[in-house]
file structure_8.txt (compact mmCIF, C-alpha atoms)
# COMPACT_ATOMS: atom_id res chain seq x y z
CA MET A 1 62.37 22.80 -57.90
CA SER A 2 60.55 24.20 -54.86
CA PHE A 3 57.23 25.98 -55.29
CA LEU A 4 58.30 28.88 -53.02
CA GLN A 5 61.38 30.01 -51.06
CA VAL A 6 61.35 32.94 -48.64
CA THR A 7 64.27 34.44 -46.71
CA TRP A 8 63.66 36.79 -43.76
CA ILE A 9 66.03 38.88 -41.64
CA ASP A 10 65.05 40.03 -38.15
CA PRO A 11 65.83 43.77 -37.90
CA ALA A 12 66.31 43.56 -34.12
CA THR A 13 68.80 40.69 -33.89
CA GLY A 14 69.97 40.04 -37.44
CA ALA A 15 68.67 36.46 -37.22
CA ARG A 16 67.80 34.86 -40.53
CA GLY A 17 64.70 32.79 -41.14
CA TYR A 18 63.56 30.69 -44.06
CA LEU A 19 60.38 29.15 -45.43
CA VAL A 20 60.36 26.63 -48.27
CA ILE A 21 57.13 25.28 -49.70
CA ASP A 22 58.12 22.28 -51.79
CA ARG A 23 54.64 21.46 -53.08
CA LEU A 24 51.00 22.43 -52.60
CA VAL A 25 48.23 19.83 -52.60
CA ARG A 26 44.70 21.28 -52.65
CA GLY A 27 46.43 24.61 -52.07
CA VAL A 28 48.02 23.62 -48.74
CA SER A 29 51.40 22.39 -47.46
CA SER A 30 52.55 20.86 -44.18
CA GLY A 31 55.83 20.94 -42.26
CA GLY A 32 57.30 22.06 -38.97
CA LEU A 33 59.36 25.06 -37.90
CA ARG A 34 62.81 24.58 -36.37
CA MET A 35 65.16 26.97 -34.59
CA ARG A 36 68.87 26.32 -34.31
CA ALA A 37 72.04 28.33 -34.66
CA GLY A 38 73.46 27.61 -38.09
CA CYS A 39 70.21 26.68 -39.82
CA THR A 40 70.51 27.27 -43.59
CA LEU A 41 68.24 27.64 -46.58
CA ASP A 42 69.68 24.45 -48.11
CA GLU A 43 68.81 22.57 -44.92
CA VAL A 44 65.23 23.88 -44.93
CA ARG A 45 64.86 23.06 -48.63
CA GLY A 46 65.92 19.46 -48.01
CA LEU A 47 63.55 19.18 -45.08
CA ALA A 48 60.66 20.51 -47.19
CA GLU A 49 61.33 17.90 -49.86
CA GLY A 50 61.34 15.27 -47.12
CA MET A 51 57.97 16.50 -45.87
CA THR A 52 56.44 15.95 -49.30
CA ALA A 53 57.64 12.36 -49.13
CA LYS A 54 56.41 11.85 -45.53
CA GLU A 55 52.97 13.14 -46.43
CA ALA A 56 52.74 10.98 -49.55
CA LEU A 57 53.96 7.78 -47.87
CA ASN A 58 50.94 7.86 -45.57
CA TYR A 59 48.41 8.16 -48.40
CA ASP A 60 45.37 5.92 -48.00
CA PRO A 61 42.80 6.29 -50.81
CA GLY A 62 40.03 5.19 -48.44
CA ALA A 63 40.85 7.67 -45.66
CA ARG A 64 39.31 11.08 -45.00
CA TYR A 65 42.76 12.63 -44.79
CA VAL A 66 44.48 13.22 -48.12
CA PRO A 67 48.18 14.10 -47.75
CA LEU A 68 49.16 17.74 -48.18
CA GLY A 69 52.24 19.13 -49.89
CA GLY A 70 55.55 19.42 -48.08
CA ALA A 71 57.02 22.56 -46.50
CA LYS A 72 59.46 23.57 -43.78
CA GLY A 73 60.47 26.64 -41.83
CA GLY A 74 63.80 27.35 -40.16
CA ILE A 75 65.28 30.13 -38.02
CA ASP A 76 69.04 30.55 -37.65
CA PHE A 77 69.07 31.46 -33.96
CA ASP A 78 69.99 29.85 -30.64
CA PRO A 79 66.76 28.56 -28.99
CA TYR A 80 68.41 29.00 -25.57
CA ASP A 81 68.91 32.73 -26.16
CA PRO A 82 66.54 34.77 -23.94
CA ARG A 83 65.38 36.62 -27.09
CA ALA A 84 64.29 33.39 -28.81
CA GLN A 85 60.56 33.90 -28.20
CA GLU A 86 60.75 37.44 -29.58
CA VAL A 87 62.56 36.21 -32.69
CA LEU A 88 60.02 33.43 -33.15
CA THR A 89 57.14 35.89 -32.88
CA ALA A 90 58.74 38.31 -35.37
CA TYR A 91 59.36 35.47 -37.83
CA LEU A 92 55.79 34.21 -37.62
CA TYR A 93 54.45 37.75 -38.02
CA ALA A 94 56.45 38.10 -41.22
CA MET A 95 55.25 34.67 -42.43
CA SER A 96 51.64 35.15 -41.31
CA PRO A 97 50.18 35.43 -44.86
CA TYR A 98 51.58 31.97 -45.62
CA VAL A 99 50.43 30.50 -42.27
CA GLU A 100 46.94 31.88 -42.91
CA ARG A 101 46.48 30.28 -46.31
CA PHE A 102 49.22 27.90 -47.44
CA TRP A 103 51.47 26.55 -44.66
CA THR A 104 50.34 24.39 -41.73
CA MET A 105 53.13 24.08 -39.19
CA GLY A 106 54.08 22.90 -35.72
CA GLU A 107 57.09 22.28 -33.51
CA ASP A 108 60.39 20.93 -34.73
CA LEU A 109 64.00 20.95 -33.50
CA GLY A 110 64.60 23.71 -30.92
CA LEU A 111 60.95 24.73 -30.57
CA ARG A 112 58.00 23.46 -28.56
CA GLN A 113 54.41 23.72 -29.71
CA GLN A 114 53.51 25.83 -26.69
CA ALA A 115 56.00 28.52 -27.75
CA ILE A 116 54.58 28.51 -31.26
CA ASP A 117 51.00 28.74 -29.97
CA VAL A 118 51.91 31.74 -27.77
CA ALA A 119 53.43 33.54 -30.76
CA ILE A 120 50.49 32.64 -33.03
CA GLU A 121 48.03 34.10 -30.55
CA LYS A 122 50.11 37.24 -30.07
CA ILE A 123 50.15 38.06 -33.79
CA GLY A 124 46.40 37.49 -34.09
CA LEU A 125 46.19 34.22 -36.02
CA GLN A 126 43.74 31.43 -35.15
CA SER A 127 46.12 28.49 -35.19
CA SER A 128 49.41 27.27 -36.63
CA ILE A 129 47.38 24.88 -38.83
CA GLN A 130 44.54 27.18 -39.85
CA ALA A 131 45.40 26.89 -43.56
CA VAL A 132 43.94 23.38 -43.56
CA TYR A 133 40.58 24.40 -42.04
CA PRO A 134 38.86 25.04 -45.40
CA LEU A 135 39.50 21.39 -46.32
CA LEU A 136 37.57 20.06 -43.30
CA ASP A 137 33.98 18.84 -43.51
CA ASP A 138 33.16 20.14 -40.03
CA GLU A 139 35.80 22.55 -38.76
CA GLN A 140 34.40 22.90 -35.24
CA LYS A 141 34.19 19.15 -34.59
CA ALA A 142 37.62 18.60 -36.10
CA ARG A 143 39.23 21.26 -33.92
CA GLU A 144 37.51 19.90 -30.84
CA ARG A 145 38.75 16.41 -31.68
CA LEU A 146 42.35 17.62 -32.01
CA ALA A 147 42.09 19.65 -28.79
CA ASP A 148 40.80 16.55 -26.99
CA ALA A 149 43.76 14.55 -28.32
CA PHE A 150 46.23 17.19 -27.13
CA ALA A 151 44.67 16.99 -23.66
CA VAL A 152 45.43 13.25 -23.38
CA THR A 153 48.36 12.24 -21.18
CA VAL A 154 50.03 8.84 -20.91
CA ASP A 155 51.97 8.13 -17.72
CA GLY A 156 52.60 11.81 -17.10
CA VAL A 157 53.51 12.83 -20.66
CA SER A 158 51.14 14.45 -23.15
CA LEU A 159 50.14 12.33 -26.13
CA ASP A 160 51.40 14.83 -28.70
CA GLU A 161 54.93 14.43 -27.27
CA LEU A 162 54.74 10.64 -27.56
CA VAL A 163 53.29 9.80 -30.95
CA GLY A 164 56.40 10.64 -32.99
CA GLY A 165 58.75 8.64 -30.81
CA TYR A 166 56.27 5.78 -30.59
CA GLY A 167 56.42 5.61 -34.38
CA VAL A 168 60.23 5.61 -34.36
CA ALA A 169 60.20 2.82 -31.77
CA GLU A 170 57.80 0.77 -33.91
CA ALA A 171 60.06 1.29 -36.93
CA ALA A 172 63.07 0.22 -34.84
CA LEU A 173 61.28 -2.87 -33.55
CA ALA A 174 60.37 -3.84 -37.11
CA GLY A 175 64.04 -3.44 -38.07
CA ILE A 176 65.17 -5.48 -35.05
CA GLU A 177 62.82 -8.29 -36.05
CA HIS A 178 64.00 -8.14 -39.65
CA LEU A 179 67.66 -8.45 -38.56
CA HIS A 180 66.82 -11.12 -35.94
CA LEU A 181 68.68 -9.23 -33.22
CA ARG A 182 68.56 -11.00 -29.87
CA ASN A 183 68.56 -9.05 -26.59
CA PRO A 184 69.13 -5.80 -28.50
CA THR A 185 70.60 -2.66 -27.00
CA ALA A 186 70.03 0.91 -28.17
CA PHE A 187 71.59 4.35 -27.99
CA VAL A 188 69.42 7.44 -28.50
CA GLN A 189 71.06 10.74 -29.44
CA GLY A 190 68.69 13.51 -28.36
CA PHE A 191 66.18 13.36 -25.51
CA GLY A 192 63.49 15.82 -26.56
CA SER A 193 59.95 14.77 -27.39
CA MET A 194 61.08 12.50 -30.26
CA GLY A 195 64.12 10.91 -28.62
CA GLY A 196 62.51 10.66 -25.20
CA ALA A 197 59.43 8.83 -26.45
CA THR A 198 61.55 6.57 -28.66
CA ALA A 199 63.63 5.56 -25.65
CA ARG A 200 60.51 5.02 -23.55
CA TYR A 201 58.79 2.68 -26.00
CA LEU A 202 61.92 0.77 -26.92
CA ALA A 203 62.54 0.18 -23.22
CA THR A 204 58.92 -0.87 -22.74
CA ALA A 205 59.38 -3.41 -25.53
CA GLY A 206 62.41 -4.90 -23.77
CA VAL A 207 65.20 -3.11 -25.66
CA LYS A 208 67.93 -2.09 -23.23
CA ILE A 209 68.76 1.62 -23.52
CA VAL A 210 72.49 1.69 -22.84
CA GLY A 211 73.10 5.34 -23.68
CA LEU A 212 71.46 8.73 -24.13
CA ALA A 213 72.87 12.03 -25.35
CA ASP A 214 71.55 15.52 -24.66
CA VAL A 215 73.00 19.01 -25.12
CA HIS A 216 75.21 18.59 -22.05
CA GLY A 217 76.81 15.25 -22.83
CA VAL A 218 76.34 11.49 -22.80
CA ILE A 219 74.86 9.21 -20.14
CA ALA A 220 75.73 5.52 -20.45
CA ASN A 221 75.20 2.27 -18.62
CA PRO A 222 75.80 -1.13 -20.31
CA ASP A 223 73.22 -2.65 -17.96
CA GLY A 224 70.58 -0.15 -19.07
CA LEU A 225 69.44 3.31 -17.96
CA ASP A 226 66.32 4.14 -15.96
CA VAL A 227 64.61 5.77 -18.92
CA GLU A 228 61.30 6.54 -17.22
CA THR A 229 62.90 8.49 -14.36
CA LEU A 230 65.06 10.48 -16.76
CA LEU A 231 62.13 11.13 -19.10
CA LEU A 232 59.93 12.62 -16.39
CA SER A 233 62.69 14.85 -15.03
CA ARG A 234 64.07 16.39 -18.26
CA ASP A 235 63.68 20.10 -18.95
CA SER A 236 61.75 21.72 -21.81
CA HIS A 237 64.74 21.36 -24.16
CA GLY A 238 65.23 17.66 -23.41
CA ALA A 239 68.18 18.10 -21.03
CA ILE A 240 68.65 15.29 -18.50
CA ASP A 241 68.60 16.10 -14.80
CA ARG A 242 71.97 14.70 -13.69
CA SER A 243 70.79 14.55 -10.06
CA LYS A 244 68.50 11.67 -11.10
CA LEU A 245 71.39 9.47 -12.26
CA ARG A 246 72.26 6.33 -10.34
CA PRO A 247 75.79 5.64 -9.06
CA GLU A 248 76.40 3.09 -11.82
CA ASP A 249 75.41 5.50 -14.62
CA ARG A 250 78.42 7.08 -16.33
CA GLU A 251 78.69 10.64 -17.62
CA LEU A 252 80.75 10.94 -20.79
CA ASP A 253 81.89 13.78 -23.02
CA ARG A 254 79.38 15.07 -25.56
CA ALA A 255 81.65 14.11 -28.46
CA SER A 256 81.75 10.43 -27.43
CA TRP A 257 78.16 9.59 -28.39
CA LEU A 258 79.23 7.23 -31.18
CA ASP A 259 81.64 5.39 -28.87
CA VAL A 260 78.90 3.72 -26.81
CA GLU A 261 78.35 0.23 -28.21
CA ALA A 262 74.74 -0.56 -29.11
CA ASP A 263 72.93 -2.68 -31.69
CA VAL A 264 70.50 0.11 -32.54
CA LEU A 265 71.44 3.75 -33.04
CA VAL A 266 68.70 6.39 -33.03
CA PRO A 267 69.93 9.87 -34.04
CA ALA A 268 67.11 12.06 -32.72
CA ALA A 269 68.73 15.48 -32.52
CA THR A 270 70.28 17.54 -35.32
CA SER A 271 70.57 17.12 -39.07
CA TYR A 272 73.90 15.87 -40.47
CA ALA A 273 74.91 14.34 -37.13
CA ILE A 274 76.63 11.43 -38.91
CA ASP A 275 78.85 12.54 -41.77
CA LYS A 276 81.87 11.33 -43.73
CA ASP A 277 84.19 12.29 -40.88
CA ASN A 278 82.57 10.20 -38.13
CA ALA A 279 80.86 7.45 -40.14
CA HIS A 280 83.71 5.07 -39.34
CA GLN A 281 82.74 5.28 -35.65
CA VAL A 282 79.29 3.77 -36.22
CA ASN A 283 79.18 0.25 -34.82
CA ALA A 284 75.42 -0.31 -34.79
CA LYS A 285 73.64 -2.90 -36.92
CA LEU A 286 70.54 -0.75 -37.30
CA ILE A 287 70.14 3.03 -37.62
CA VAL A 288 66.67 4.51 -37.27
CA GLU A 289 66.49 8.17 -38.27
CA ALA A 290 64.34 9.95 -35.71
CA ALA A 291 65.83 13.34 -36.61
CA ASN A 292 65.44 14.87 -40.05
CA MET A 293 68.39 14.14 -42.35
CA PRO A 294 70.75 12.99 -39.55
CA VAL A 295 72.92 10.82 -41.85
CA THR A 296 74.55 12.38 -44.90
CA ALA A 297 74.65 10.50 -48.20
CA GLU A 298 78.45 10.24 -48.00
CA ALA A 299 78.24 8.72 -44.53
CA GLU A 300 75.53 6.26 -45.48
CA ALA A 301 77.70 4.95 -48.32
CA LYS A 302 80.36 4.04 -45.73
CA ILE A 303 78.03 2.45 -43.17
CA GLU A 304 77.16 -1.25 -43.23
CA ALA A 305 74.15 -0.91 -40.94
CA LEU A 306 70.55 -1.12 -42.14
CA VAL A 307 69.25 2.48 -42.23
CA ILE A 308 65.52 3.15 -41.86
CA PRO A 309 65.19 6.67 -43.34
CA ASP A 310 63.57 9.62 -41.62
CA VAL A 311 60.76 9.97 -44.17
CA VAL A 312 59.46 6.67 -42.84
CA ALA A 313 60.68 6.48 -39.25
CA ASN A 314 59.66 9.90 -37.95
CA SER A 315 56.51 10.49 -40.01
CA ALA A 316 54.05 9.59 -37.23
CA THR A 317 53.94 13.03 -35.57
CA ASN A 318 52.79 14.74 -38.74
CA SER A 319 50.35 11.98 -39.69
CA TRP A 320 48.84 11.79 -36.21
CA TRP A 321 47.78 15.46 -36.37
CA TRP A 322 45.98 14.91 -39.65
CA TRP A 323 44.49 11.49 -38.86
CA THR A 324 43.00 13.04 -35.74
CA LEU A 325 41.87 16.31 -37.30
CA PHE A 326 40.19 14.66 -40.29
CA GLY A 327 38.59 11.95 -38.15
CA ASP A 328 40.44 8.82 -39.27
CA ILE A 329 41.26 8.03 -35.62
CA ASP A 330 39.70 8.88 -32.27
CA ALA A 331 41.21 11.36 -29.83
CA THR A 332 42.68 8.58 -27.66
CA ALA A 333 46.12 7.11 -27.09
CA GLU A 334 44.85 3.63 -27.96
CA SER A 335 43.54 4.71 -31.36
CA ALA A 336 46.69 6.72 -32.12
CA PHE A 337 49.13 3.98 -31.18
CA ALA A 338 47.21 1.30 -33.08
CA LYS A 339 47.15 3.35 -36.29
CA ILE A 340 50.81 4.35 -35.97
CA SER A 341 51.96 0.78 -35.33
CA THR A 342 50.04 -0.61 -38.30
CA ASN A 343 51.22 2.11 -40.67
CA MET A 344 54.85 2.09 -39.54
CA ARG A 345 55.29 -1.65 -39.77
CA ARG A 346 53.61 -1.68 -43.20
CA LEU A 347 56.01 0.95 -44.50
CA VAL A 348 59.13 -0.61 -42.99
CA ALA A 349 58.21 -4.01 -44.44
CA LYS A 350 58.11 -2.48 -47.92
CA ILE A 351 61.64 -1.07 -47.79
CA VAL A 352 63.92 -3.21 -45.60
CA ASP A 353 64.48 -5.95 -48.18
CA GLN A 354 65.46 -3.48 -50.90
CA PRO A 355 69.11 -2.74 -51.80
CA SER A 356 68.56 0.87 -50.66
CA PRO A 357 65.70 1.41 -48.19
CA ARG A 358 66.04 5.16 -48.73
CA ALA A 359 65.65 4.85 -52.49
CA ALA A 360 62.75 2.44 -52.01
CA ALA A 361 60.97 4.92 -49.72
CA ALA A 362 61.53 7.72 -52.24
CA GLU A 363 60.04 5.57 -55.01
CA LEU A 364 56.99 4.73 -52.89
CA ALA A 365 56.50 8.43 -52.12
CA ALA A 366 56.82 9.45 -55.77
CA THR A 367 54.22 6.87 -56.76
CA ALA A 368 51.83 8.15 -54.09
CA VAL A 369 52.33 11.76 -55.21
CA LYS A 370 51.34 10.76 -58.77
CA GLU A 371 48.25 8.95 -57.46
CA ILE A 372 47.18 12.00 -55.46
CA GLU A 373 47.73 14.33 -58.41
CA GLN A 374 45.78 12.02 -60.70
CA ARG A 375 42.92 11.84 -58.21
CA PHE A 376 42.52 15.60 -58.08
CA ARG A 377 42.92 16.07 -61.82
CA GLN A 378 39.98 13.72 -62.28
CA SER A 379 37.88 15.52 -59.65
call {"tool": "encode", "arguments": {"input": "structure_8.txt", "output": "structure tokens"}}
result
Amino acid sequence: MSFLQVTWIDPATGARGYLVIDRLVRGVSSGGLRMRAGCTLDEVRGLAEGMTAKEALNYDPGARYVPLGGAKGGIDFDPYDPRAQEVLTAYLYAMSPYVERFWTMGEDLGLRQQAIDVAIEKIGLQSSIQAVYPLLDDEQKARERLADAFAVTVDGVSLDELVGGYGVAEAALAGIEHLHLRNPTAFVQGFGSMGGATARYLATAGVKIVGLADVHGVIANPDGLDVETLLLSRDSHGAIDRSKLRPEDRELDRASWLDVEADVLVPAATSYAIDKDNAHQVNAKLIVEAANMPVTAEAEAKIEALVIPDVVANSATNSWWWWTLFGDIDATAESAFAKISTNMRRLVAKIVDQPSPRAAAAELAATAVKEIEQRFRQS
């Protein structure tokens, strides 16, 4: 049972918003805020439970950072609507008591951190993560360290937009090695910060990206797409600039994203993208969940592929914030990537040989939660 559930209705537009705090650790929870038409309380509740697991899976008793509880926010509204920023601001104003003291949050599906920061400043709060400040040994140094990390760019893209996808890519590479896939190909559904960075680092590692999907449709090329060009020309919502396509790149209908043959499938867009109705179309040998809850339980039961669950694969974004803020890593790309790679491969190695990697990850998280609770009962 969740610790707290809040439902909000915007008086101006009728948009609904939700906040679910699954668990508090040291009085604080962590989890992003998403905006999408059709977002539901059940969806946000599931995401909050997943955040508790993601936090716990990265527990290191010797680190400065101790995982927080899990939470999630969601707004049922179209992020492309010109009123989206106003709705976001109204939602955060209503949730400001929780942001101040209990809920640390950042960008998720449909929202960028910059939009959140603008709204946070407008309503008079310090930061979207200010609830964690009382847990820091030196708040000023910690905030400076995180600001320095956010100022880092790698080949034209800011570090904060890369760390999550780098982690997904490392999880995928660990899965590829486990399955002994030779000359692997990959399809990435979603080309925002998570999907874009995943495609970049898979391509860098020699995995041929044969297809990408964005809100406008599918781009495919069996010989491989020019990921770097497409990455640097996408818009703020992850839409691909079709003028940058080469003559040999094919444009396909949006609904055909599961028809492109690839060894590795990375759903990096919406929840429930693969369900009981389209599971039979999956032909990949490996699925790496970059999005939150992209494969339903009914679909997974029908799929023969190895599935690396989201609580492992996409946990690097969240962990990177805290590793940096608490001082477990330096504010550099090198330090971030080294820590993410080590942690991701360690976690994947613990679950891929199990009958159900998802169940194995859940068991690891539950054990970590008990260890954390025991630690603070003793203190």
call {"tool": "residues_near_point", "arguments": {"input": "structure_8.txt", "point": "(66.5, 33.1, -28.7)", "cutoff": "12 Å", "atoms": "all atoms listed in the file", "output": "ChimeraX atom specification"}}
result
/A:10,12-15,35-37,75-91,110-111,115
call {"tool": "write_last_selection", "arguments": {"input": "structure_8.txt", "atoms": "C-alpha atoms", "output": "compact mmCIF listing (two decimals), keeping the file's coordinate frame"}}
result
# COMPACT_ATOMS: atom_id res chain seq x y z
CA ASP A 10 65.05 40.03 -38.15
CA ALA A 12 66.31 43.56 -34.12
CA THR A 13 68.80 40.69 -33.89
CA GLY A 14 69.97 40.04 -37.44
CA ALA A 15 68.67 36.46 -37.22
CA MET A 35 65.16 26.97 -34.59
CA ARG A 36 68.87 26.32 -34.31
CA ALA A 37 72.04 28.33 -34.66
CA ILE A 75 65.28 30.13 -38.02
CA ASP A 76 69.04 30.55 -37.65
CA PHE A 77 69.07 31.46 -33.96
CA ASP A 78 69.99 29.85 -30.64
CA PRO A 79 66.76 28.56 -28.99
CA TYR A 80 68.41 29.00 -25.57
CA ASP A 81 68.91 32.73 -26.16
CA PRO A 82 66.54 34.77 -23.94
CA ARG A 83 65.38 36.62 -27.09
CA ALA A 84 64.29 33.39 -28.81
CA GLN A 85 60.56 33.90 -28.20
CA GLU A 86 60.75 37.44 -29.58
CA VAL A 87 62.56 36.21 -32.69
CA LEU A 88 60.02 33.43 -33.15
CA THR A 89 57.14 35.89 -32.88
CA ALA A 90 58.74 38.31 -35.37
CA TYR A 91 59.36 35.47 -37.83
CA GLY A 110 64.60 23.71 -30.92
CA LEU A 111 60.95 24.73 -30.57
CA ALA A 115 56.00 28.52 -27.75
call {"tool": "residues_around", "arguments": {"input": "structure_8.txt", "residues": "range 292-308 of chain A", "least_positions_apart": "4", "cutoff": "7 Å", "atoms": "only C-alpha atoms", "output": "PyMOL selection string"}}
result
chain A and resi 47+267+270-276+279+284-288+313+357
call {"tool": "atom_distance", "arguments": {"input": "structure_8.txt", "atom1": "CA of Ser30 in chain A", "atom2": "CA of Thr198 in chain A"}}
result
22.9 Å
call {"tool": "residues_around", "arguments": {"input": "structure_8.txt", "residues": "range 234-243 of chain A", "least_positions_apart": "4", "cutoff": "6 Å", "atoms": "only C-alpha atoms", "output": "count of residues only"}}
result
3
call {"tool": "residues_around", "arguments": {"input": "structure_8.txt", "residues": "Trp103 in chain A", "least_positions_apart": "6", "cutoff": "9 Å", "atoms": "only C-alpha atoms", "output": "PyMOL selection string"}}
result
chain A and resi 21+24+28-31+70-72+97+128-132
call {"tool": "write_last_selection", "arguments": {"input": "structure_8.txt", "atoms": "C-alpha atoms", "output": "short mmCIF file (atom, residue, chain, number, x, y, z; two decimals), in the coordinates of the input"}}
result
data_model
loop_
_atom_site.label_atom_id
_atom_site.label_comp_id
_atom_site.auth_asym_id
_atom_site.auth_seq_id
_atom_site.Cartn_x
_atom_site.Cartn_y
_atom_site.Cartn_z
CA ILE A 21 57.13 25.28 -49.70
CA LEU A 24 51.00 22.43 -52.60
CA VAL A 28 48.02 23.62 -48.74
CA SER A 29 51.40 22.39 -47.46
CA SER A 30 52.55 20.86 -44.18
CA GLY A 31 55.83 20.94 -42.26
CA GLY A 70 55.55 19.42 -48.08
CA ALA A 71 57.02 22.56 -46.50
CA LYS A 72 59.46 23.57 -43.78
CA PRO A 97 50.18 35.43 -44.86
CA SER A 128 49.41 27.27 -36.63
CA ILE A 129 47.38 24.88 -38.83
CA GLN A 130 44.54 27.18 -39.85
CA ALA A 131 45.40 26.89 -43.56
CA VAL A 132 43.94 23.38 -43.56
#
call {"tool": "residues_around", "arguments": {"input": "structure_8.txt", "residues": "range 153-159 of chain A", "least_positions_apart": "5", "cutoff": "9 Å", "atoms": "all atoms listed in the file", "output": "VMD selection string"}}
result
chain A and resid 231 to 232 332 to 333 336
call {"tool": "atom_distance", "arguments": {"input": "structure_8.txt", "atom1": "CA of Gly73 in chain A", "atom2": "CA of Thr40 in chain A"}}
result
10.2 Å
call {"tool": "closest_residue", "arguments": {"input": "structure_8.txt", "among": "A:Glu139, A:Glu170, A:Glu363, A:Glu177", "to": "Tyr201 in chain A", "atoms": "all atoms listed in the file"}}
result
A:Glu170
call {"tool": "residues_around", "arguments": {"input": "structure_8.txt", "residues": "Ala349 in chain A", "least_positions_apart": "6", "cutoff": "9 Å", "atoms": "all atoms listed in the file", "output": "ChimeraX atom specification"}}
result
/A:174-175,178
call {"tool": "closest_residue", "arguments": {"input": "structure_8.txt", "among": "A:Leu41, A:Val163, A:Leu265, A:Ala361", "to": "Val207 in chain A", "atoms": "only C-alpha atoms"}}
result
A:Leu265
call {"tool": "closest_residue", "arguments": {"input": "structure_8.txt", "among": "A:Val6, A:Ala149, A:Ile351, A:Ala197", "to": "Gly327 in chain A", "atoms": "all atoms listed in the file"}}
result
A:Ala149
call {"tool": "closest_residue", "arguments": {"input": "structure_8.txt", "among": "A:Leu92, A:Ala63, A:Ile329, A:Ala262", "to": "Met105 in chain A", "atoms": "only C-alpha atoms"}}
result
A:Leu92
call {"tool": "decode", "arguments": {"input": "structure_8.txt", "residues": "range 219-235 of chain A", "atoms": "N, CA and C atoms", "output": "mmCIF file, in the first residue's frame"}}
result
data_model
loop_
_atom_site.group_PDB
_atom_site.id
_atom_site.type_symbol
_atom_site.label_atom_id
_atom_site.label_comp_id
_atom_site.auth_asym_id
_atom_site.auth_seq_id
_atom_site.Cartn_x
_atom_site.Cartn_y
_atom_site.Cartn_z
ATOM 1 N N ILE A 219 11.711 5.428 -38.680
ATOM 2 C CA ILE A 219 12.807 5.562 -39.641
ATOM 3 C C ILE A 219 13.590 4.261 -39.608
ATOM 4 N N ALA A 220 13.861 3.664 -40.757
ATOM 5 C CA ALA A 220 14.543 2.373 -40.772
ATOM 6 C C ALA A 220 15.575 2.311 -41.888
ATOM 7 N N ASN A 221 16.609 1.554 -41.616
ATOM 8 C CA ASN A 221 17.638 1.273 -42.618
ATOM 9 C C ASN A 221 18.373 0.015 -42.168
ATOM 10 N N PRO A 222 18.258 -1.107 -42.887
ATOM 11 C CA PRO A 222 18.913 -2.351 -42.467
ATOM 12 C C PRO A 222 20.438 -2.250 -42.429
ATOM 13 N N ASP A 223 20.981 -1.255 -43.114
ATOM 14 C CA ASP A 223 22.432 -1.046 -43.091
ATOM 15 C C ASP A 223 22.876 -0.113 -41.966
ATOM 16 N N GLY A 224 21.906 0.410 -41.213
ATOM 17 C CA GLY A 224 22.220 1.273 -40.087
ATOM 18 C C GLY A 224 21.927 2.738 -40.364
ATOM 19 N N LEU A 225 21.385 3.432 -39.359
ATOM 20 C CA LEU A 225 21.077 4.860 -39.462
ATOM 21 C C LEU A 225 22.255 5.704 -38.972
ATOM 22 N N ASP A 226 22.293 6.941 -39.416
ATOM 23 C CA ASP A 226 23.303 7.893 -38.953
ATOM 24 C C ASP A 226 22.794 8.500 -37.649
ATOM 25 N N VAL A 227 22.997 7.797 -36.566
ATOM 26 C CA VAL A 227 22.427 8.175 -35.280
ATOM 27 C C VAL A 227 22.896 9.549 -34.829
ATOM 28 N N GLU A 228 24.170 9.836 -34.982
ATOM 29 C CA GLU A 228 24.721 11.083 -34.448
ATOM 30 C C GLU A 228 24.096 12.303 -35.122
ATOM 31 N N THR A 229 23.923 12.249 -36.430
ATOM 32 C CA THR A 229 23.294 13.362 -37.149
ATOM 33 C C THR A 229 21.858 13.558 -36.690
ATOM 34 N N LEU A 230 21.123 12.461 -36.545
ATOM 35 C CA LEU A 230 19.731 12.544 -36.122
ATOM 36 C C LEU A 230 19.616 13.019 -34.677
ATOM 37 N N LEU A 231 20.546 12.598 -33.844
ATOM 38 C CA LEU A 231 20.530 12.990 -32.433
ATOM 39 C C LEU A 231 20.707 14.493 -32.274
ATOM 40 N N LEU A 232 21.617 15.073 -33.016
ATOM 41 C CA LEU A 232 21.929 16.490 -32.861
ATOM 42 C C LEU A 232 20.929 17.406 -33.566
ATOM 43 N N SER A 233 20.008 16.821 -34.328
ATOM 44 C CA SER A 233 19.030 17.649 -35.040
ATOM 45 C C SER A 233 17.593 17.421 -34.571
ATOM 46 N N ARG A 234 17.386 16.625 -33.521
ATOM 47 C CA ARG A 234 16.026 16.385 -33.016
ATOM 48 C C ARG A 234 15.511 17.626 -32.297
ATOM 49 N N ASP A 235 14.190 17.699 -32.122
ATOM 50 C CA ASP A 235 13.630 18.840 -31.394
ATOM 51 C C ASP A 235 13.525 18.510 -29.904
#
